[in-house]
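Structure, as structure tokens:
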Amino acid sequence: GSAQIGVTGLGVMGRNLARNLARHGYPVAVHNRSADRTRSLIAEHGDEGEFVPSESMPDFVASLSRPRAVIIMVKAGGPTDAVIEELIPLLDTDDIIIDCGNAHFADTRRREETLRAHGLHFVGTGVSGGEEGALLGPSIMPGGSVEAYAKLGPIFESIAAQVDGAPCCTHVGPDGAGHFVKMVHNGIEYADMQLIAEAYDLLREGLDASPGELAEVFRTWNEGDLESFLIEITADVLGQTDARTGKPFVDIVLDQAEQKGTGRWTVQSALDLGVPITGIAEATFARSLSGHADQRAAARELFADAGSKASVPDRDAFVDDVRKALYASKVVAYAQGFDHIQAGSEEFGWGIDRGAMATIWRGGCIIRARFLDRIREAYDADPQLPSLLVAPYFAKIVSESIESWRRVVRYATEVGIPTPAFSSSLAYFDGLRRGRLPAALIQGLRDNFGAHTYQRVDAEGSFHVQWAGDRTESPA
Ligand code: 6PG
């Protein structure tokens, strides 16, 4: 065969990835379970580059040059396993299967191990940027072996988004590392969107402003430190008018946020690894709360008046407070996400370079933002940084935002606007910075009811008090 790489699964993402590859001069084999998608790709875009279409899997594999590289772009879970099963007998030693779907990293680890036993490479690859990114340049997060990356790297780096001459693609680490990092990316995406949504809610209430007016605020914010894809499209969505009713678009959308599950996976993994990613967790739970329509209706009936309506006296100062609170909370969410990456990397021995992750998120992906440059700089300056919050640039941002942050959370609490992400980020910050935490009392309670023992601030070892007896302390 002559094709340098193949794509099976020609939904929107697969189709656009294949077109991106062809446009960059790579002869690309294409295949889909039902051939009509393959035919329409060729009919509509066949002139964009060299496509080699096949209707059967054996023909598709035969059309590839060796070692073969096959991208799978089908639904995560069972469908991915089914395609892998179909491919195994058709492939030879050193061939590479690349899964570009949103797979769970544990599945990727399992598949990599199975395929390695067959002499095949399995490259679980995170791809971010939606349909448009896949076509015009996504952020690409490949895991898998160094050998596989030696072949795929140049191809992926050329089709990825480019920022300041650097590709938004790098080898993340072995087996599931790429999908793990993509999962955390999505978790941060959830937190980022929740924070933006809370800022919008606060502004709308506090300023009594229309979505159209707020679109302007976000447009302005997008010219400063907060510049990012999500802030940019927030202005776009808030500025939209519904054609049917003439109302602001955001007012005709049902207020129940859905999810496909990557945010939930992130929180589950963080619980396993013991990383407090509170912002991502609150964002995920806020989506689930929004979906509990019956509970919301019941509570609304009883407590509709439990909040108050209060527009703020100084509008400009309020907008600035919310902007600062948003930025500080966002720093917390990213600090937590990067901690999560570090914990995963240590647990699974991936050796992930966090600065490199910030670098490949600067373009192409959903969370692309100006401040990722600052994150990259922070990890370049100190690869062992204990928390992003203490890097000089971010420490300064946070210091300058504390008063605004507290004012905004105070206002939200008084008026009754739910700000789980703003509030939990502030609580996380206070939790880290406090001299003593009431965790000491919790240890005392655990020892009291369950003899779970405690450690002392002034001596080595574990201790227990005879709570029911003479209340003396003994070493445990
Ligand atoms: C991306 C996105 C994408 C994700 C959607 C939907 O990086 O391009 O993260 O992979 O599937 O954002 O996610 P939810 O349906 O879970 O919100």
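Chain labels run A, B, ... following the order of the structure tokens; each chain numbers its residues from 1, and ligands are numbered from 1 in the order shown.
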Item to check | Which of stretch 26-183 of chain A fall in strand (DSSP E), as JSON, numbers by chain | outcome: {"A": [28, 29, 30, 31, 51, 52, 53, 69, 70, 71, 72, 96, 97, 98, 99, 121, 122, 123, 124, 125, 126, 127, 128, 139, 140, 141, 142, 162, 163, 166, 167]}
Checklist entry - Within 9 Å of ligand 1, counting only C-alpha atoms and all ligand atoms, which protein or nucleic acid residues do you find, written as an NGL selection string? => result :A and (101-102 or 126-131 or 133-134 or 138-139 or 182-183 or 185-187 or 189-190 or 257-264 or 364-367)
I need the chosen residues saved as a short mmCIF file (atom, residue, chain, number, x, y, z; two decimals), in the first residue's frame, with N, CA, C and O atoms.
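The resulting selection-v7.cif:
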data_model
loop_
_atom_site.label_atom_id
_atom_site.label_comp_id
_atom_site.auth_asym_id
_atom_site.auth_seq_id
_atom_site.Cartn_x
_atom_site.Cartn_y
_atom_site.Cartn_z
N GLY A 101 -9.98 9.00 20.08
CA GLY A 101 -11.24 9.31 20.75
C GLY A 101 -10.99 9.73 22.20
O GLY A 101 -9.85 9.71 22.67
N ASN A 102 -12.07 10.11 22.89
CA ASN A 102 -11.95 10.47 24.31
C ASN A 102 -12.05 9.20 25.15
O ASN A 102 -13.03 8.97 25.84
N GLY A 126 -4.97 12.07 22.98
CA GLY A 126 -5.98 13.09 23.23
C GLY A 126 -5.96 14.09 22.08
O GLY A 126 -4.90 14.51 21.64
N VAL A 127 -7.15 14.42 21.60
CA VAL A 127 -7.26 15.44 20.55
C VAL A 127 -8.28 16.46 21.01
O VAL A 127 -9.41 16.11 21.33
N SER A 128 -7.88 17.70 21.10
CA SER A 128 -8.83 18.73 21.51
C SER A 128 -8.96 19.82 20.46
O SER A 128 -8.02 20.12 19.74
N GLY A 129 -10.15 20.39 20.43
CA GLY A 129 -10.38 21.51 19.53
C GLY A 129 -11.66 21.38 18.73
O GLY A 129 -11.97 22.22 17.89
N GLY A 130 -12.40 20.31 19.03
CA GLY A 130 -13.69 20.14 18.34
C GLY A 130 -13.50 19.94 16.85
O GLY A 130 -12.39 19.67 16.38
N GLU A 131 -14.59 20.09 16.12
CA GLU A 131 -14.58 19.86 14.67
C GLU A 131 -13.60 20.77 13.95
O GLU A 131 -12.85 20.34 13.08
N GLY A 133 -11.02 22.42 15.16
CA GLY A 133 -9.64 22.11 15.51
C GLY A 133 -9.12 20.92 14.71
O GLY A 133 -8.01 20.95 14.19
N ALA A 134 -9.95 19.87 14.62
CA ALA A 134 -9.51 18.67 13.91
C ALA A 134 -9.12 19.01 12.48
O ALA A 134 -8.16 18.47 11.93
N PRO A 138 -5.59 20.97 15.67
CA PRO A 138 -5.98 20.70 17.06
C PRO A 138 -4.76 20.74 17.97
O PRO A 138 -3.64 20.90 17.51
N SER A 139 -5.03 20.58 19.27
CA SER A 139 -3.96 20.29 20.22
C SER A 139 -3.95 18.77 20.34
O SER A 139 -5.00 18.15 20.51
N LYS A 182 -5.51 14.46 28.44
CA LYS A 182 -6.71 14.97 27.76
C LYS A 182 -7.90 15.00 28.72
O LYS A 182 -8.70 15.94 28.72
N MET A 183 -7.98 13.99 29.58
CA MET A 183 -9.06 13.95 30.57
C MET A 183 -8.96 15.16 31.51
O MET A 183 -9.96 15.84 31.76
N HIS A 185 -7.47 17.94 30.88
CA HIS A 185 -7.82 19.11 30.05
C HIS A 185 -9.33 19.33 30.08
O HIS A 185 -9.81 20.46 30.28
N ASN A 186 -10.07 18.26 29.91
CA ASN A 186 -11.53 18.40 29.91
C ASN A 186 -12.06 18.80 31.28
O ASN A 186 -13.01 19.58 31.38
N GLY A 187 -11.44 18.29 32.34
CA GLY A 187 -11.84 18.70 33.68
C GLY A 187 -11.64 20.20 33.85
O GLY A 187 -12.50 20.91 34.37
N GLU A 189 -11.55 22.32 31.49
CA GLU A 189 -12.57 22.93 30.61
C GLU A 189 -13.89 23.09 31.38
O GLU A 189 -14.55 24.14 31.30
N TYR A 190 -14.28 22.07 32.15
CA TYR A 190 -15.51 22.16 32.95
C TYR A 190 -15.40 23.31 33.96
O TYR A 190 -16.33 24.08 34.14
N ALA A 257 -27.27 21.57 32.26
CA ALA A 257 -26.03 21.29 31.53
C ALA A 257 -25.78 19.79 31.44
O ALA A 257 -25.88 19.07 32.43
N GLU A 258 -25.45 19.35 30.25
CA GLU A 258 -25.20 17.92 30.04
C GLU A 258 -23.70 17.64 30.07
O GLU A 258 -22.89 18.56 30.13
N GLN A 259 -23.35 16.37 30.02
CA GLN A 259 -21.93 16.01 29.92
C GLN A 259 -21.79 14.61 29.36
O GLN A 259 -22.65 13.77 29.55
N LYS A 260 -20.66 14.41 28.68
CA LYS A 260 -20.40 13.08 28.13
C LYS A 260 -19.56 12.24 29.08
O LYS A 260 -19.36 11.07 28.85
N GLY A 261 -19.03 12.84 30.13
CA GLY A 261 -18.40 12.00 31.15
C GLY A 261 -16.94 12.26 31.46
O GLY A 261 -16.42 11.74 32.44
N THR A 262 -16.25 13.06 30.66
CA THR A 262 -14.81 13.24 30.95
C THR A 262 -14.58 14.04 32.23
O THR A 262 -13.59 13.81 32.92
N GLY A 263 -15.50 14.96 32.55
CA GLY A 263 -15.38 15.71 33.81
C GLY A 263 -15.53 14.76 34.99
O GLY A 263 -14.78 14.81 35.96
N ARG A 264 -16.51 13.89 34.88
CA ARG A 264 -16.75 12.90 35.94
C ARG A 264 -15.52 12.00 36.11
O ARG A 264 -15.08 11.73 37.23
N GLY A 364 -5.16 25.53 19.62
CA GLY A 364 -5.90 24.37 19.14
C GLY A 364 -6.98 23.87 20.07
O GLY A 364 -8.07 23.53 19.64
N CYS A 365 -6.70 23.81 21.38
CA CYS A 365 -7.65 23.16 22.28
C CYS A 365 -8.69 24.13 22.82
O CYS A 365 -8.61 25.34 22.63
N ILE A 366 -9.68 23.58 23.52
CA ILE A 366 -10.79 24.37 24.03
C ILE A 366 -10.32 25.34 25.12
O ILE A 366 -10.86 26.43 25.27
N ILE A 367 -9.33 24.94 25.92
CA ILE A 367 -8.90 25.82 27.02
C ILE A 367 -7.72 26.71 26.63
O ILE A 367 -7.05 27.27 27.50
#
Item to check | Contacts of A:Arg374 within 10 Å, only C-alpha atoms, excl. fewer than 5 positions in-chain, as a PyMOL selection string | outcome: chain A and resi 355+358-359+369+379-380+388+391+393-394
Only C-alpha atoms, please: the residues just picked out, written as an mmCIF file, in the first residue's frame.
data_model
loop_
_atom_site.group_PDB
_atom_site.id
_atom_site.type_symbol
_atom_site.label_atom_id
_atom_site.label_comp_id
_atom_site.auth_asym_id
_atom_site.auth_seq_id
_atom_site.Cartn_x
_atom_site.Cartn_y
_atom_site.Cartn_z
ATOM 1 C CA GLY A 355 5.547 22.882 31.234
ATOM 2 C CA ALA A 358 1.008 24.073 29.100
ATOM 3 C CA THR A 359 2.897 24.623 25.837
ATOM 4 C CA ALA A 369 -5.552 30.961 26.646
ATOM 5 C CA TYR A 379 7.296 25.283 35.195
ATOM 6 C CA ASP A 380 10.320 26.189 33.065
ATOM 7 C CA LEU A 388 1.165 27.124 40.529
ATOM 8 C CA ALA A 391 4.930 30.859 41.250
ATOM 9 C CA TYR A 393 3.531 35.706 38.534
ATOM 10 C CA PHE A 394 0.508 33.836 39.892
#
Item to check | Exercise: A:Glu86 partners within 12 Å, only C-alpha atoms, chain neighbours under 5 positions left out, as a PyMOL selection string | outcome: chain A and resi 8+33+56-58+60-61+72+79-81+91+97
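The space separating atom CA of A:Ile96 from atom CA of A:Val123 comes to 7.2 Å.
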Next on the checklist: Env of A:Ser311: 9 Å cut, atoms = only C-alpha atoms, seq-sep filter 5 positions within chain, self excluded. Answer as a ChimeraX atom specification.
Outcome noted: /A:205-208
Checklist entry - Between A:Ala243, A:Leu152, A:Ala343, A:Ala106, which has the minimum distance to A:Tyr26 (counting only C-alpha atoms)? => result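 Closest to A:Tyr26, using only C-alpha atoms: A:Leu152.
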Next on the checklist: Need to verify the contact set: stretch 168-173 of chain A, 7 Å, only C-alpha atoms, exclusion of same-chain residues closer than 2 positions in sequence. Can you return it as a ChimeraX atom specification?
Outcome noted: /A:139-144,149,156-157,160-162,166,175,177-178,350-352,359-361,363
Take the residues that were just selected and, keeping N, CA and C atoms, output them as a compact mmCIF listing (two decimals), in the first residue's frame.
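For reference, result_23.txt as written:
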# COMPACT_ATOMS: atom_id res chain seq x y z
N SER A 139 -5.03 20.58 19.27
CA SER A 139 -3.96 20.29 20.22
C SER A 139 -3.95 18.77 20.34
N ILE A 140 -2.77 18.17 20.20
CA ILE A 140 -2.68 16.70 20.14
C ILE A 140 -1.82 16.19 21.28
N MET A 141 -2.35 15.22 22.03
CA MET A 141 -1.68 14.69 23.22
C MET A 141 -1.47 13.19 23.10
N PRO A 142 -0.42 12.76 22.39
CA PRO A 142 -0.22 11.33 22.18
C PRO A 142 0.53 10.66 23.34
N GLY A 143 0.03 9.48 23.74
CA GLY A 143 0.76 8.65 24.69
C GLY A 143 1.51 7.58 23.92
N GLY A 144 1.72 6.41 24.55
CA GLY A 144 2.34 5.29 23.84
C GLY A 144 3.86 5.33 23.85
N TYR A 149 6.14 7.18 18.65
CA TYR A 149 6.15 8.64 18.47
C TYR A 149 7.19 9.06 17.43
N PHE A 156 1.96 14.29 13.30
CA PHE A 156 1.06 14.98 14.22
C PHE A 156 1.49 16.43 14.46
N GLU A 157 2.79 16.62 14.59
CA GLU A 157 3.26 17.99 14.86
C GLU A 157 2.96 18.91 13.68
N ALA A 160 -0.93 19.76 13.77
CA ALA A 160 -1.41 20.40 15.00
C ALA A 160 -1.43 21.91 14.85
N ALA A 161 -2.13 22.58 15.76
CA ALA A 161 -2.08 24.05 15.82
C ALA A 161 -0.63 24.46 16.09
N GLN A 162 -0.24 25.64 15.62
CA GLN A 162 1.11 26.14 15.84
C GLN A 162 0.99 27.47 16.59
N ALA A 166 5.80 26.94 17.47
CA ALA A 166 5.89 25.64 18.14
C ALA A 166 4.59 24.87 17.95
N ASP A 175 2.01 4.63 27.53
CA ASP A 175 0.63 4.06 27.55
C ASP A 175 -0.49 5.09 27.69
N ALA A 177 -0.80 7.95 29.20
CA ALA A 177 -0.47 9.34 29.60
C ALA A 177 -1.23 10.38 28.76
N GLY A 178 -1.33 10.13 27.46
CA GLY A 178 -1.98 11.11 26.58
C GLY A 178 -3.46 11.27 26.90
N TRP A 350 4.86 8.04 34.46
CA TRP A 350 4.81 8.59 33.11
C TRP A 350 5.86 9.66 32.82
N GLY A 351 6.40 10.27 33.86
CA GLY A 351 7.40 11.32 33.63
C GLY A 351 6.89 12.51 32.81
N ILE A 352 5.67 12.94 33.10
CA ILE A 352 5.08 14.04 32.31
C ILE A 352 5.71 15.38 32.67
N THR A 359 2.49 24.18 27.18
CA THR A 359 2.90 24.62 25.84
C THR A 359 1.94 24.12 24.77
N ILE A 360 1.56 22.83 24.84
CA ILE A 360 0.70 22.30 23.77
C ILE A 360 -0.77 22.66 23.96
N TRP A 361 -1.09 23.28 25.09
CA TRP A 361 -2.47 23.78 25.28
C TRP A 361 -2.60 25.25 24.89
N GLY A 363 -2.56 26.48 21.99
CA GLY A 363 -3.34 26.65 20.77
C GLY A 363 -4.14 25.39 20.47
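Counting only C-alpha atoms, the residue from A:Val12, A:Met357, A:Val415, A:Ala476 that sits nearest to A:Tyr454 is A:Ala476.
In terms of minimum interatomic distance to A:Val7, A:Asp99 ranks closest within A:Asp99, A:Asp201, A:Glu377, A:Asp314, counting only C-alpha atoms.
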Checklist entry - Counting only C-alpha atoms, which of A:Ala439, A:Ala328, A:Ala43, A:Ala76 gets nearest to A:Leu226? => result A:Ala328
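Between atom CA of A:Glu403 and atom CA of A:Leu441 there is a distance of 29.0 Å.
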Checklist entry - Just asking: which residues within stretch 136-277 of chain A are helix (DSSP H, G or I) according to DSSP, as an NGL selection string? => result :A and (136 or 146-159 or 177-207 or 211-221 or 229-238 or 249-252 or 262-273)
Checklist entry - Quick one: residues within 9 Å of A:His118, only C-alpha atoms counted, chain neighbours fewer than 3 positions away excluded, as a VMD selection string? => result chain A and resid 88 92 to 93 113 to 115 121
Checklist entry - In terms of the shortest atom-to-atom distance over only C-alpha atoms, which of A:Asp470, A:Asp382, A:Glu216, A:Asp251 is closest to A:Ile233? => result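 Of A:Asp470, A:Asp382, A:Glu216, A:Asp251, the one nearest A:Ile233 is A:Glu216, counting only C-alpha atoms.
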